Every structure is written in structure tokens, then in C-alpha cells.
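Structure file run-v9.cif (mmCIF, C-alpha atoms) follows.
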data_run
#
loop_
_atom_site.label_atom_id
_atom_site.label_comp_id
_atom_site.auth_asym_id
_atom_site.auth_seq_id
_atom_site.Cartn_x
_atom_site.Cartn_y
_atom_site.Cartn_z
CA MET A 30 -43.68 6.03 6.38
CA ARG A 31 -42.10 6.45 9.81
CA LYS A 32 -38.69 8.08 10.01
CA HIS A 33 -36.94 5.12 11.67
CA ASN A 34 -37.84 2.76 8.81
CA PHE A 35 -34.90 3.92 6.71
CA PHE A 36 -31.46 5.45 7.15
CA THR A 37 -31.43 9.16 6.28
CA GLY A 38 -27.79 9.83 7.10
CA GLN A 39 -24.86 9.73 4.71
CA PRO A 40 -24.03 7.51 1.70
CA ILE A 41 -21.32 4.91 2.17
CA PHE A 42 -18.78 7.10 0.35
CA SER A 43 -19.37 9.91 2.82
CA GLN A 44 -18.98 7.48 5.72
CA LEU A 45 -15.61 6.38 4.32
CA LEU A 46 -14.51 10.01 4.07
CA GLN A 47 -15.31 10.47 7.76
CA PHE A 48 -12.33 8.23 8.58
CA ILE A 49 -10.12 11.08 7.29
CA PRO A 50 -9.96 13.66 10.12
CA ASN A 51 -10.53 17.28 9.08
CA SER A 52 -7.74 18.32 11.46
CA ILE A 53 -5.19 16.38 9.38
CA LEU A 54 -6.58 17.76 6.13
CA MET A 55 -6.48 21.35 7.36
CA ARG A 56 -2.97 21.02 8.78
CA LEU A 57 -1.52 19.49 5.62
CA THR A 58 -3.40 21.97 3.41
CA LYS A 59 -1.84 24.83 5.32
CA LYS A 60 1.60 23.19 5.38
CA HIS A 61 1.74 22.65 1.60
CA SER A 62 -0.33 25.77 0.68
CA THR A 63 -2.47 23.63 -1.61
CA ASP A 64 -5.46 26.02 -1.52
CA ARG A 65 -3.49 29.00 -2.79
CA TYR A 66 -4.76 30.36 -6.13
CA TYR A 67 -7.84 28.09 -6.00
CA LYS A 68 -11.20 29.85 -5.56
CA LYS A 69 -13.60 26.90 -5.80
CA PHE A 70 -11.83 23.58 -6.32
CA LYS A 71 -10.24 23.31 -2.87
CA THR A 72 -7.90 20.60 -1.65
CA ARG A 73 -10.68 18.56 -0.03
CA ASP A 74 -12.74 18.76 -3.24
CA HIS A 75 -9.74 17.46 -5.18
CA LEU A 76 -9.21 14.61 -2.70
CA VAL A 77 -12.88 13.56 -2.84
CA THR A 78 -12.82 13.66 -6.65
CA MET A 79 -9.70 11.49 -6.90
CA LEU A 80 -11.01 8.99 -4.32
CA TYR A 81 -14.18 8.75 -6.41
CA GLN A 82 -11.99 8.05 -9.44
CA ALA A 83 -10.10 5.34 -7.52
CA ALA A 84 -13.23 3.66 -6.16
CA PHE A 85 -15.04 3.58 -9.51
CA GLN A 86 -11.87 2.91 -11.57
CA CYS A 87 -12.54 5.77 -13.97
CA THR A 88 -10.31 5.64 -17.04
CA SER A 89 -10.69 9.23 -18.24
CA LEU A 90 -11.62 12.73 -17.13
CA ARG A 91 -14.86 12.49 -19.09
CA GLU A 92 -15.86 9.29 -17.31
CA LEU A 93 -14.99 10.85 -13.95
CA THR A 94 -16.99 14.06 -14.48
CA SER A 95 -19.99 12.21 -15.96
CA GLY A 96 -19.97 9.86 -12.97
CA LEU A 97 -20.03 12.79 -10.58
CA GLN A 98 -22.83 14.41 -12.59
CA ALA A 99 -24.86 11.19 -12.39
CA ASN A 100 -24.71 11.50 -8.59
CA SER A 101 -25.12 15.29 -8.50
CA SER A 102 -27.99 15.08 -6.00
CA ARG A 103 -25.66 13.43 -3.47
CA LEU A 104 -22.54 15.54 -3.95
CA LEU A 105 -23.47 17.85 -1.06
CA HIS A 106 -23.11 14.90 1.32
CA LEU A 107 -19.55 14.49 -0.01
CA GLY A 108 -18.77 18.14 0.57
CA LEU A 109 -18.86 19.08 -3.14
CA THR A 110 -21.03 22.08 -3.97
CA ASN A 111 -20.80 21.48 -7.73
CA THR A 112 -19.36 19.08 -10.28
CA PRO A 113 -15.80 20.07 -11.27
CA ARG A 114 -15.06 20.45 -14.97
CA ARG A 115 -12.51 18.30 -16.78
CA SER A 116 -10.17 21.24 -17.25
CA THR A 117 -10.37 22.06 -13.54
CA ILE A 118 -9.41 18.51 -12.51
CA ALA A 119 -6.63 18.36 -15.10
CA GLU A 120 -5.17 21.68 -13.94
CA ALA A 121 -5.31 20.62 -10.28
CA ASN A 122 -3.62 17.28 -11.04
CA ALA A 123 -0.83 19.07 -12.88
CA ASN A 124 -0.23 21.86 -10.35
CA ARG A 125 -1.41 20.89 -6.86
CA LYS A 126 1.45 19.37 -4.90
CA ALA A 127 1.48 15.57 -4.89
CA GLU A 128 3.39 15.78 -1.58
CA PHE A 129 0.08 16.65 0.10
CA PHE A 130 -1.44 13.29 -0.94
CA GLU A 131 1.78 11.49 -0.02
CA GLU A 132 1.87 12.91 3.49
CA LEU A 133 -1.88 12.39 3.92
CA PHE A 134 -1.46 8.67 3.23
CA HIS A 135 1.24 8.29 5.90
CA GLU A 136 -0.60 10.49 8.42
CA LEU A 137 -3.78 8.51 7.85
CA TYR A 138 -1.98 5.21 8.44
CA ARG A 139 -0.54 6.46 11.72
CA HIS A 140 -3.96 7.78 12.76
CA LEU A 141 -6.05 4.69 11.94
CA TYR A 142 -4.02 1.60 12.65
CA PRO A 143 -2.69 2.27 16.19
CA PHE A 144 -6.31 2.58 17.34
CA LEU A 145 -7.48 -0.72 15.89
CA PRO A 146 -8.26 -3.31 18.59
CA ASP A 147 -5.45 -5.83 19.10
CA SER A 148 -3.14 -3.88 16.76
CA GLN A 149 -0.57 -3.69 19.56
CA SER A 150 -0.63 -7.44 20.18
CA LYS A 151 2.35 -9.43 21.36
CA GLN A 152 2.90 -10.91 17.95
CA GLU A 153 6.30 -10.20 16.47
CA SER A 154 6.74 -7.20 14.20
CA LEU A 155 7.53 -8.49 10.72
CA TYR A 156 8.23 -5.97 7.96
CA ILE A 157 8.74 -6.69 4.27
CA ILE A 158 10.49 -4.37 1.83
CA ASP A 159 10.01 -4.66 -1.92
CA SER A 160 9.12 -2.61 -4.97
CA THR A 161 6.79 -2.80 -7.94
CA THR A 162 6.83 -0.94 -11.26
CA ILE A 163 3.83 0.66 -12.96
CA SER A 164 4.27 0.98 -16.72
CA LEU A 165 3.37 4.29 -18.38
CA PHE A 166 2.54 5.02 -21.99
CA SER A 167 4.57 8.23 -21.95
CA ASN A 168 8.11 9.00 -20.85
CA ALA A 169 6.89 11.32 -18.08
CA MET A 170 8.88 9.31 -15.54
CA LYS A 171 12.07 7.62 -16.70
CA GLY A 172 11.62 3.89 -17.18
CA ALA A 173 14.16 1.18 -16.55
CA GLY A 174 16.03 -0.66 -19.31
CA ARG A 175 17.15 0.32 -22.78
CA PRO A 176 14.97 2.09 -25.36
CA LYS A 177 13.44 0.12 -28.20
CA MET A 178 15.08 -0.12 -31.64
CA THR A 179 12.71 2.63 -32.77
CA GLY A 180 14.11 4.95 -30.10
CA GLN A 181 10.85 4.94 -28.13
CA HIS A 182 11.17 4.55 -24.40
CA LYS A 183 8.11 4.10 -22.22
CA GLY A 184 8.18 5.60 -18.78
CA GLY A 185 7.51 3.88 -15.50
CA ALA A 186 6.73 4.71 -11.89
CA LYS A 187 8.24 2.62 -9.11
CA ALA A 188 6.66 2.17 -5.69
CA ASN A 189 9.07 1.13 -2.94
CA VAL A 190 7.03 -0.25 -0.06
CA LEU A 191 7.59 -1.02 3.62
CA TYR A 192 4.86 -3.57 4.35
CA GLU A 193 3.60 -4.42 7.84
CA ALA A 194 2.83 -8.15 7.68
CA LEU A 195 0.56 -8.38 10.73
CA GLU A 196 -1.89 -5.74 9.47
CA GLN A 197 -1.20 -6.65 5.82
CA GLN A 198 -0.90 -2.96 5.01
CA PRO A 199 1.85 -0.76 3.52
CA CYS A 200 3.01 1.66 6.21
CA PHE A 201 5.65 3.59 4.25
CA VAL A 202 5.77 4.18 0.47
CA ARG A 203 7.99 6.19 -1.85
CA LEU A 204 7.16 6.87 -5.52
CA THR A 205 10.10 7.37 -7.89
CA PRO A 206 10.84 6.98 -11.60
CA ALA A 207 11.33 3.31 -12.48
CA ALA A 208 15.00 3.89 -13.30
CA THR A 209 15.79 4.84 -9.68
CA HIS A 210 17.71 2.12 -7.83
CA ASP A 211 15.97 0.38 -4.96
CA LEU A 212 18.84 1.07 -2.55
CA THR A 213 17.91 4.75 -2.31
CA PHE A 214 14.76 3.68 -0.46
CA LEU A 215 16.72 2.22 2.47
CA LYS A 216 18.11 5.68 3.29
CA GLN A 217 14.55 6.95 3.87
CA VAL A 218 12.90 4.00 5.60
CA SER A 219 12.79 3.60 9.38
CA VAL A 220 12.12 0.23 11.03
CA PRO A 221 11.32 -0.09 14.77
CA PRO A 222 13.99 -1.81 16.93
CA ASN A 223 13.57 -5.52 17.70
CA SER A 224 11.71 -6.02 14.42
CA ILE A 225 12.28 -8.57 11.66
CA VAL A 226 12.89 -7.25 8.13
CA VAL A 227 12.65 -9.46 5.06
CA ILE A 228 14.09 -7.92 1.90
CA ASP A 229 14.77 -8.82 -1.70
CA LYS A 230 18.30 -9.21 -3.08
CA ALA A 231 18.05 -5.79 -4.74
CA TYR A 232 18.23 -4.13 -1.29
CA ILE A 233 21.44 -5.82 -0.11
CA ASN A 234 23.72 -3.18 1.40
CA HIS A 235 26.49 -3.96 3.91
CA THR A 236 26.39 -0.53 5.54
CA GLN A 237 22.65 -0.89 6.13
CA PHE A 238 23.13 -4.40 7.52
CA ASN A 239 25.65 -3.16 10.10
CA GLN A 240 23.33 -0.31 11.07
CA TRP A 241 20.44 -2.74 11.58
CA ASN A 242 22.74 -4.91 13.70
CA GLU A 243 23.37 -1.95 16.02
CA GLU A 244 19.61 -1.23 16.22
CA ALA A 245 18.79 -4.85 17.19
CA ILE A 246 16.85 -5.40 13.95
CA THR A 247 16.84 -8.90 12.46
CA TRP A 248 17.25 -8.97 8.69
CA ILE A 249 16.70 -11.88 6.30
CA THR A 250 17.41 -11.96 2.58
CA ARG A 251 18.81 -14.16 -0.17
CA GLN A 252 22.47 -14.16 -1.11
CA LYS A 253 23.56 -12.95 -4.54
CA VAL A 254 25.21 -15.51 -6.79
CA ASP A 255 28.43 -13.49 -7.15
CA ALA A 256 28.71 -12.55 -3.45
CA TYR A 257 32.14 -12.96 -1.87
CA TYR A 258 32.32 -14.52 1.60
CA ASP A 259 34.54 -16.55 3.93
CA ILE A 260 33.24 -19.44 6.02
CA LEU A 261 33.99 -19.14 9.75
CA GLN A 262 32.07 -22.10 11.11
CA GLN A 263 29.98 -25.01 9.86
CA ASN A 264 26.94 -25.74 12.04
CA GLU A 265 25.70 -29.30 12.41
CA LEU A 266 22.32 -30.25 10.99
CA SER A 267 19.92 -32.64 12.64
CA ALA A 268 18.27 -35.51 10.79
CA ASP A 269 14.98 -33.59 10.91
CA HIS A 270 16.60 -30.55 9.26
CA LYS A 271 18.09 -32.67 6.50
CA SER A 272 14.80 -34.45 5.84
CA ASN A 273 13.08 -31.04 5.47
CA GLY A 274 15.50 -29.81 2.82
CA LEU A 275 18.33 -28.07 4.69
CA ILE A 276 21.71 -28.63 3.04
CA SER A 277 24.05 -26.44 5.10
CA ASP A 278 24.11 -23.90 7.95
CA GLU A 279 27.24 -21.74 8.13
CA LEU A 280 28.60 -18.67 9.90
CA ILE A 281 30.30 -16.40 7.36
CA VAL A 282 31.87 -12.99 6.82
CA MET A 283 30.58 -11.19 3.74
CA GLY A 284 32.79 -8.82 1.79
CA ARG A 285 36.45 -8.64 0.74
CA PRO A 286 38.89 -7.71 3.53
CA GLY A 287 40.98 -5.65 1.11
CA ASN A 288 37.95 -3.58 0.15
CA LYS A 289 36.38 -3.14 3.60
CA LYS A 290 36.72 0.67 3.51
CA VAL A 291 34.38 0.78 0.52
CA THR A 292 32.23 -2.25 1.35
CA PRO A 293 32.16 -2.98 5.10
CA LEU A 294 32.50 -6.58 6.28
CA VAL A 295 29.35 -8.17 7.69
CA LYS A 296 29.10 -11.26 9.88
CA ALA A 297 26.10 -13.34 8.92
CA ARG A 298 24.58 -16.78 8.85
CA ARG A 299 24.32 -18.58 5.51
CA ILE A 300 21.62 -21.24 5.08
CA VAL A 301 21.22 -23.40 1.96
CA PHE A 302 17.76 -24.91 1.48
CA TYR A 303 16.52 -27.31 -1.20
CA ASP A 304 12.93 -26.71 -2.33
CA LYS A 305 11.44 -29.97 -3.62
CA SER A 306 8.46 -28.27 -5.25
CA LYS A 307 10.69 -26.06 -7.41
CA ASN A 308 13.64 -28.47 -7.61
CA ARG A 309 16.21 -25.81 -6.83
CA ASN A 310 18.42 -24.52 -4.03
CA PHE A 311 17.82 -21.25 -2.17
CA VAL A 312 20.59 -19.51 -0.25
CA PHE A 313 19.47 -17.31 2.66
CA ILE A 314 21.55 -14.96 4.82
CA THR A 315 20.57 -13.43 8.16
CA ASN A 316 22.12 -11.79 11.20
CA ASP A 317 20.14 -13.96 13.66
CA MET A 318 22.55 -16.63 14.87
CA GLY A 319 20.15 -18.36 17.28
CA ILE A 320 16.97 -18.82 15.25
CA ASP A 321 16.12 -22.25 13.88
CA ALA A 322 17.33 -22.59 10.30
CA LEU A 323 13.93 -23.78 9.03
CA GLN A 324 12.29 -20.75 10.64
CA VAL A 325 14.48 -18.50 8.48
CA THR A 326 13.06 -20.13 5.34
CA GLN A 327 9.50 -19.66 6.68
CA TYR A 328 10.10 -15.95 7.31
CA TYR A 329 11.37 -15.43 3.80
CA LYS A 330 8.38 -17.31 2.43
CA LYS A 331 6.15 -14.66 4.02
CA ARG A 332 7.77 -12.11 1.69
CA TRP A 333 5.21 -13.16 -0.92
CA LYS A 334 2.53 -11.42 1.13
CA ILE A 335 3.71 -8.15 -0.35
CA GLU A 336 3.30 -9.62 -3.83
CA MET A 337 -0.37 -10.19 -2.95
CA LEU A 338 -0.58 -6.48 -2.07
CA PHE A 339 0.86 -5.48 -5.45
CA LYS A 340 -1.54 -7.89 -7.17
CA ARG A 341 -4.62 -6.52 -5.42
CA ILE A 342 -3.64 -2.90 -6.13
CA LYS A 343 -2.97 -3.49 -9.81
CA GLN A 344 -6.00 -5.69 -10.41
CA ARG A 345 -8.50 -3.75 -8.31
CA TYR A 346 -7.64 -0.15 -9.26
CA GLN A 347 -7.04 1.81 -12.43
CA LEU A 348 -3.30 1.92 -13.06
CA ARG A 349 -3.29 1.49 -16.84
CA TYR A 350 -4.85 4.83 -17.78
CA PHE A 351 -3.95 8.07 -16.03
CA LEU A 352 -5.83 11.37 -15.96
CA GLY A 353 -2.69 13.33 -16.78
CA GLU A 354 0.75 12.80 -18.26
CA SER A 355 2.81 14.93 -15.90
CA PRO A 356 4.73 13.19 -13.05
CA ASN A 357 2.68 15.19 -10.54
CA ALA A 358 -0.65 13.99 -11.97
CA ILE A 359 0.56 10.39 -12.09
CA LYS A 360 1.70 10.52 -8.47
CA ILE A 361 -1.58 12.10 -7.29
CA GLN A 362 -3.57 9.29 -8.91
CA ILE A 363 -1.35 6.59 -7.36
CA TRP A 364 -1.48 8.19 -3.91
CA SER A 365 -5.27 8.48 -4.17
CA ILE A 366 -5.47 4.77 -4.98
CA LEU A 367 -3.27 3.95 -1.97
CA ILE A 368 -5.48 6.09 0.29
CA CYS A 369 -8.60 4.37 -1.04
CA ASP A 370 -6.98 0.97 -0.47
CA LEU A 371 -6.04 2.02 3.07
CA LEU A 372 -9.64 3.00 3.89
CA ILE A 373 -11.12 -0.20 2.43
CA ASN A 374 -8.59 -2.37 4.27
CA TYR A 375 -9.26 -0.50 7.50
CA VAL A 376 -13.02 -1.11 7.21
CA LYS A 377 -12.27 -4.79 6.51
CA LYS A 378 -10.25 -5.01 9.74
CA VAL A 379 -12.98 -3.28 11.76
CA VAL A 380 -15.62 -5.74 10.54
CA GLU A 381 -13.37 -8.74 11.14
CA ARG A 382 -12.38 -7.67 14.63
CA ALA A 383 -16.03 -7.18 15.51
CA GLY A 384 -16.08 -10.98 15.26
CA GLN A 385 -19.05 -11.01 12.94
CA ARG A 386 -17.83 -11.74 9.42
CA ARG A 387 -14.64 -12.29 7.45
CA TRP A 388 -14.45 -10.73 4.01
CA SER A 389 -11.95 -11.19 1.23
CA TYR A 390 -10.58 -7.84 0.13
CA ALA A 391 -11.88 -8.27 -3.43
CA ASN A 392 -15.44 -9.06 -2.33
CA LEU A 393 -15.59 -6.24 0.21
CA ALA A 394 -14.15 -3.69 -2.23
CA ALA A 395 -16.66 -4.77 -4.89
CA MET A 396 -19.55 -4.54 -2.41
CA VAL A 397 -18.51 -1.05 -1.33
CA LYS A 398 -18.04 0.05 -4.94
CA HIS A 399 -21.54 -1.03 -6.01
CA HIS A 400 -23.16 0.63 -2.97
CA LEU A 401 -20.87 3.64 -2.68
CA MET A 402 -23.77 6.07 -3.08
CA THR A 403 -26.32 4.03 -1.12
CA TYR A 404 -27.73 5.59 2.06
CA ILE A 405 -27.08 2.71 4.43
CA LYS A 406 -24.97 2.29 7.58
CA LEU A 407 -21.60 0.95 6.49
CA ILE A 408 -20.48 -1.42 9.28
CA PRO A 409 -23.88 -3.11 9.95
CA PHE A 410 -24.30 -3.43 6.19
CA LEU A 411 -20.98 -5.28 5.83
CA ILE A 412 -21.68 -7.48 8.85
CA ASN A 413 -24.94 -8.73 7.32
CA PRO A 414 -25.48 -7.28 3.82
CA GLU A 415 -28.41 -9.56 2.94
CA LYS A 416 -30.45 -8.50 5.95
CA ALA A 417 -29.47 -4.84 5.60
CA LEU A 418 -30.52 -4.72 1.94
CA LEU A 419 -33.83 -6.49 2.63
CA ASP A 420 -34.65 -3.95 5.36
CA TYR A 421 -33.35 -1.03 3.32
CA LYS A 422 -35.85 1.60 2.21
CA PRO A 423 -34.40 4.61 0.40
CA PRO A 424 -35.52 8.10 1.41
CA ASN A 425 -38.46 9.56 -0.46
CA PRO A 426 -37.19 11.72 -3.34
CA GLN A 427 -38.18 15.36 -2.99
CA LEU A 428 -40.55 16.55 -5.68
CA ARG A 429 -39.28 19.44 -7.78
CA LEU A 430 -41.51 22.01 -9.48
CA GLN A 431 -41.38 21.85 -13.25
CA ILE A 432 -40.97 25.35 -14.68
#
Translate the structure described by the file into C-alpha cells.
Amino acid sequence: MRKHNFFTGQPIFSQLLQFIPNSILMRLTKKHSTDRYYKKFKTRDHLVTMLYQAAFQCTSLRELTSGLQANSSRLLHLGLTNTPRRSTIAEANANRKAEFFEELFHELYRHLYPFLPDSQSKQESLYIIDSTTISLFSNAMKGAGRPKMTGQHKGGAKANVLYEALEQQPCFVRLTPAATHDLTFLKQVSVPPNSIVVIDKAYINHTQFNQWNEEAITWITRQKVDAYYDILQQNELSADHKSNGLISDELIVMGRPGNKKVTPLVKARRIVFYDKSKNRNFVFITNDMGIDALQVTQYYKKRWKIEMLFKRIKQRYQLRYFLGESPNAIKIQIWSILICDLLINYVKKVVERAGQRRWSYANLAAMVKHHLMTYIKLIPFLINPEKALLDYKPPNPQLRLQI
């Protein structure tokens, strides 16, 4: 058989790992001292192991180690010299800093997405902020709500997410116990000027609204039922607006004047919209005084894109069973899943922008999972998998002497 008849390079998993620059890994490893006290199971070995767990949705340490052992002949291509033991993985998950994985996710996003073709297009920058809760069987991270009558209280991890709507990718994430209020996330998040931010009612904060006003950031949210406000002006509605469900368009001041030292006053626009499909009214508030009122409702409707992100993460990856019960181990597993999702979504964008084929995320992730250890070129394979698999001829296995 001639050499060019088959691909003798790296398995698909190894090709995915090549999107993570060694320079970033080495810099973060040194910054967080994550290789200290580890003789064999280095930081990169730990990362590869946890990405394997995320891709194959392993539910236990035994399943993870047995899966690695089943592919022991290909571990060298992944940079692993031997299969780690269960105790080694458990100890690393408990003690190695989860901040390394957190910072790696954000560094990787900044490294990959600015270099995608057309990523700096003239389309408007729309960001969505929301959170989702991951239930835990233990009380490792404090859950929200009251304990049960039996006194038991399950824990929960909350992921607050800044979602970039154009790339359909989370660009900033913070993991906290579920009992932590969403407002603490706004103190950490940074949104580029001249952007549009769509948020849930849980993130309403007058001080933040005034700060966004100064930074020329447009914000859109829904008004709370018990919110206090004064009407300054009633805007007229056209017949077209009324026929499409708009009830009122007002300029208001939110907040109580007597309490403005504690809760600053905010000038805003209040729009009441009737949704025929749900037979209910929705009240939106925004700081954009010139935008069409119906456009405000369309922007808020795009907030459900982030719900699709939460759905794909929870359905596609293993978030019901964790490899450790400590907060550090739980965070490492979640960050590894987010990194795996980032890599899969990036490959999806590369294939789509090559103009060859459009994949759904679920189908592409399933295809990559089933062929993760196949020696075949990743991008040509995803552009035309049928042809690539028909032409695929695996390398000849090397014969081993039986002793």
C-alpha cells in the first residue's frame, strides 16, 4: 500500500488539541503554579484527560480510565505517556487550581474568535447576560432556596454568562454557588462601548444602568412588576404599531426621588407590548430613545438564544454526575466542558465559513465524538464525511512479538 493512500497524522482529538496554543498553556501553568508537586500528571495531561471526559460524557472515574486504556495505543498522539489512575485524577481534581481552567477558557476565546473570517463584520454587537443553575447531589456548593423538611439541602453551581449573539458563543463566564445573587456578576463583566446588552430582570441595577449610559451602551430588559416610576412623556403610536401589538410607548424616570441617594434615578423608555401567541402583556425598558419600539421587542426576543446555549450544554455534556464532590473538582469539570464546547463550536464556524457545509451543533458534536480517535483530517472530513470515510484506510497495525 502506498503511503499517500491513507492519513498517517494525528487522530481527530489530537487535531482539536492543536487549537490550544502551547504558549498559553505554559504561561498559565507558570502563573498558577499548577505543575508544582506533580511528577508525572502534569497540567496538560490533566487538561487532555478532562477534555476526553467531556467529549465522551464519562460518568465516573472508572469509565474515564477504562476509556483511556481502550485507546492506550493512541495516547502518545495526545501527549499522554501513560494512563492516569483513578486516584491520580481524583487528587488532581481536588487540588489543582480551577482558576487555571477558567483563565484558559477566556484566553482561548480571545485567541480563536478574533481570527475567524468575518468575525469583525459590520453587524451590530449584541450581548446577552443570563445565568443557569446546575443541580448537585451534595451540598458542596450552596444551593438556592430553603432546605427540605428532612433538613437535606442539595447544592448547586450557577454559571453567569455573557453571550456574544453574533458568534453564538459565551465570551465571559463566572461559576459561583447557586445561592449567589446574579447582580454580583455585573461588577465583573465588561461590555464594549456602542454595544447592545439584553438582560433578564434579575440583573436590574440603577447604578449599572447609569454607568452603561455614560459608556454609550444600549441596554434592554423587562420591568419588574413592583417597580416605581414617573411618566414624563407619552409617545404617539402609529396604526402599524398598534396592529402589531404595541399598547404604549412612554418616557419615564425610574426610582423614588426621596431615595435617590440609595437607588439612583434612571431615565428610560417604557414599552408595553401585547403578545397574541401567549395572550399576555410584556413591559420592556431601555435607554435607547430613538429606536423603533417594535425593534426593542425583537432584540429582547433574541435573549432566548442564550437559553439554546444552556440547553445544548446540559443535553450534550455530562453535568449530572461529577468526578469529585469538592467545589474545585466540580468547577474543573464544568470549565473542561465549556472548553470542549468552545473547540467544537469553533470547528463548526470554520467549516461553515469555508462555504462548504452547514452543520447543526448536535450532529457535528456527535460526529466528532464517534470519530474522536480516528486518524483522518478533521476539516475535510467534516466538509464531506461520506467521501472521506469511503476513501479512508487506517494505518497498518504494527505487529508485536509474543513473548
**OP:** Please identify all polymer residues within 8 Å of region 76-90 of chain A, counting all atoms listed in the file, omitting same-chain residues fewer than 4 positions from it, and present them as an NGL selection string.
**Re:** :A and (46 or 72 or 94 or 107 or 115 or 118-119 or 346-347 or 350-352 or 362 or 365-366 or 368-369 or 398)
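Candidate residues A:Leu191, A:Ile157, A:Leu45, A:Leu212 were compared for distance to Thr250 (chain A), and the nearest is A:Ile157, using all atoms listed in the file.
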Subject >> Nearest to Asn51 (chain A) by atom-to-atom distance, counting only C-alpha atoms, from A:Ile408, A:Leu393, A:Ile158, A:Leu137 >> reply: A:Leu137
Original post:
For this file, the PyMOL selection byres ((chain A and resi 298-309) around 12) selects which residues, as a PyMOL selection string?
Top reply: chain A and resi 247-253+256+258-266+270-283+295-297+310-327+329-330
**OP:** List the residues matched by the PyMOL selection byres ((chain A and resi 128) around 10) in the displayed structure as a count of residues only, ordered by chain and then by residue number.
**Re:** 16
**OP:** Find the distance between CA of Thr112 (chain A) and CA of His135 (chain A) and write it in Å to one decimal.
**Re:** 28.3 Å
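Taking CA of Ile335 (chain A) as the reference point, CA of Ala358 (chain A) is found at 25.4 Å.
For the atom pair formed by CA of Thr161 (chain A) and CA of Glu354 (chain A), the distance is 19.7 Å, given to one decimal.
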With 4 Å on each side, where is the centre of the axis-aligned box around all listed atoms of region 210-217 of chain A, and how long are its edges in Å to one decimal, as lines of an AutoDock Vina configuration file?
center_x = 16.7
center_y = 3.7
center_z = -2.0
size_x = 12.3
size_y = 14.6
size_z = 19.7
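Distances here use only C-alpha atoms; by that measure, the residue among A:Thr209, A:Gln39, A:Gln217, A:Asn223 closest to Ala245 (chain A) is A:Asn223.
Once the PyMOL selection byres ((chain A and resi 225) around 7) is applied to the shown structure, the selection contains A:Ser154, A:Leu155, A:Tyr156, A:Asn223, A:Ser224, A:Val226, A:Val227, A:Ile246, A:Thr247, A:Trp248.
Closest to Val376 (chain A) among A:Tyr404, A:Tyr142, A:Tyr192, A:Trp241 is A:Tyr142, based on all atoms listed in the file.
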**OP:** Could you tell me which of A:Ile228, A:Ala268, A:Met402, A:Ala394 comes closest to Tyr328 (chain A) if we count only C-alpha atoms?
**Re:** A:Ile228
**OP:** With a distance cut-off of 12 Å and only C-alpha atoms, select the neighbouring residues of Lys340 (chain A), excluding the residue or stretch itself and same-chain residues fewer than 3 positions from it, and output the selection as an NGL selection string.
**Re:** :A and (161-163 or 333-337 or 343-346 or 348 or 390-391)
**OP:** Go through A:Asn239, A:Thr205, A:Gln98, A:Gln44 one by one, measure the shortest atom-to-atom distance of each to His400 (chain A) using all atoms listed in the file, and give the residue with the smallest value.
**Re:** A:Gln44
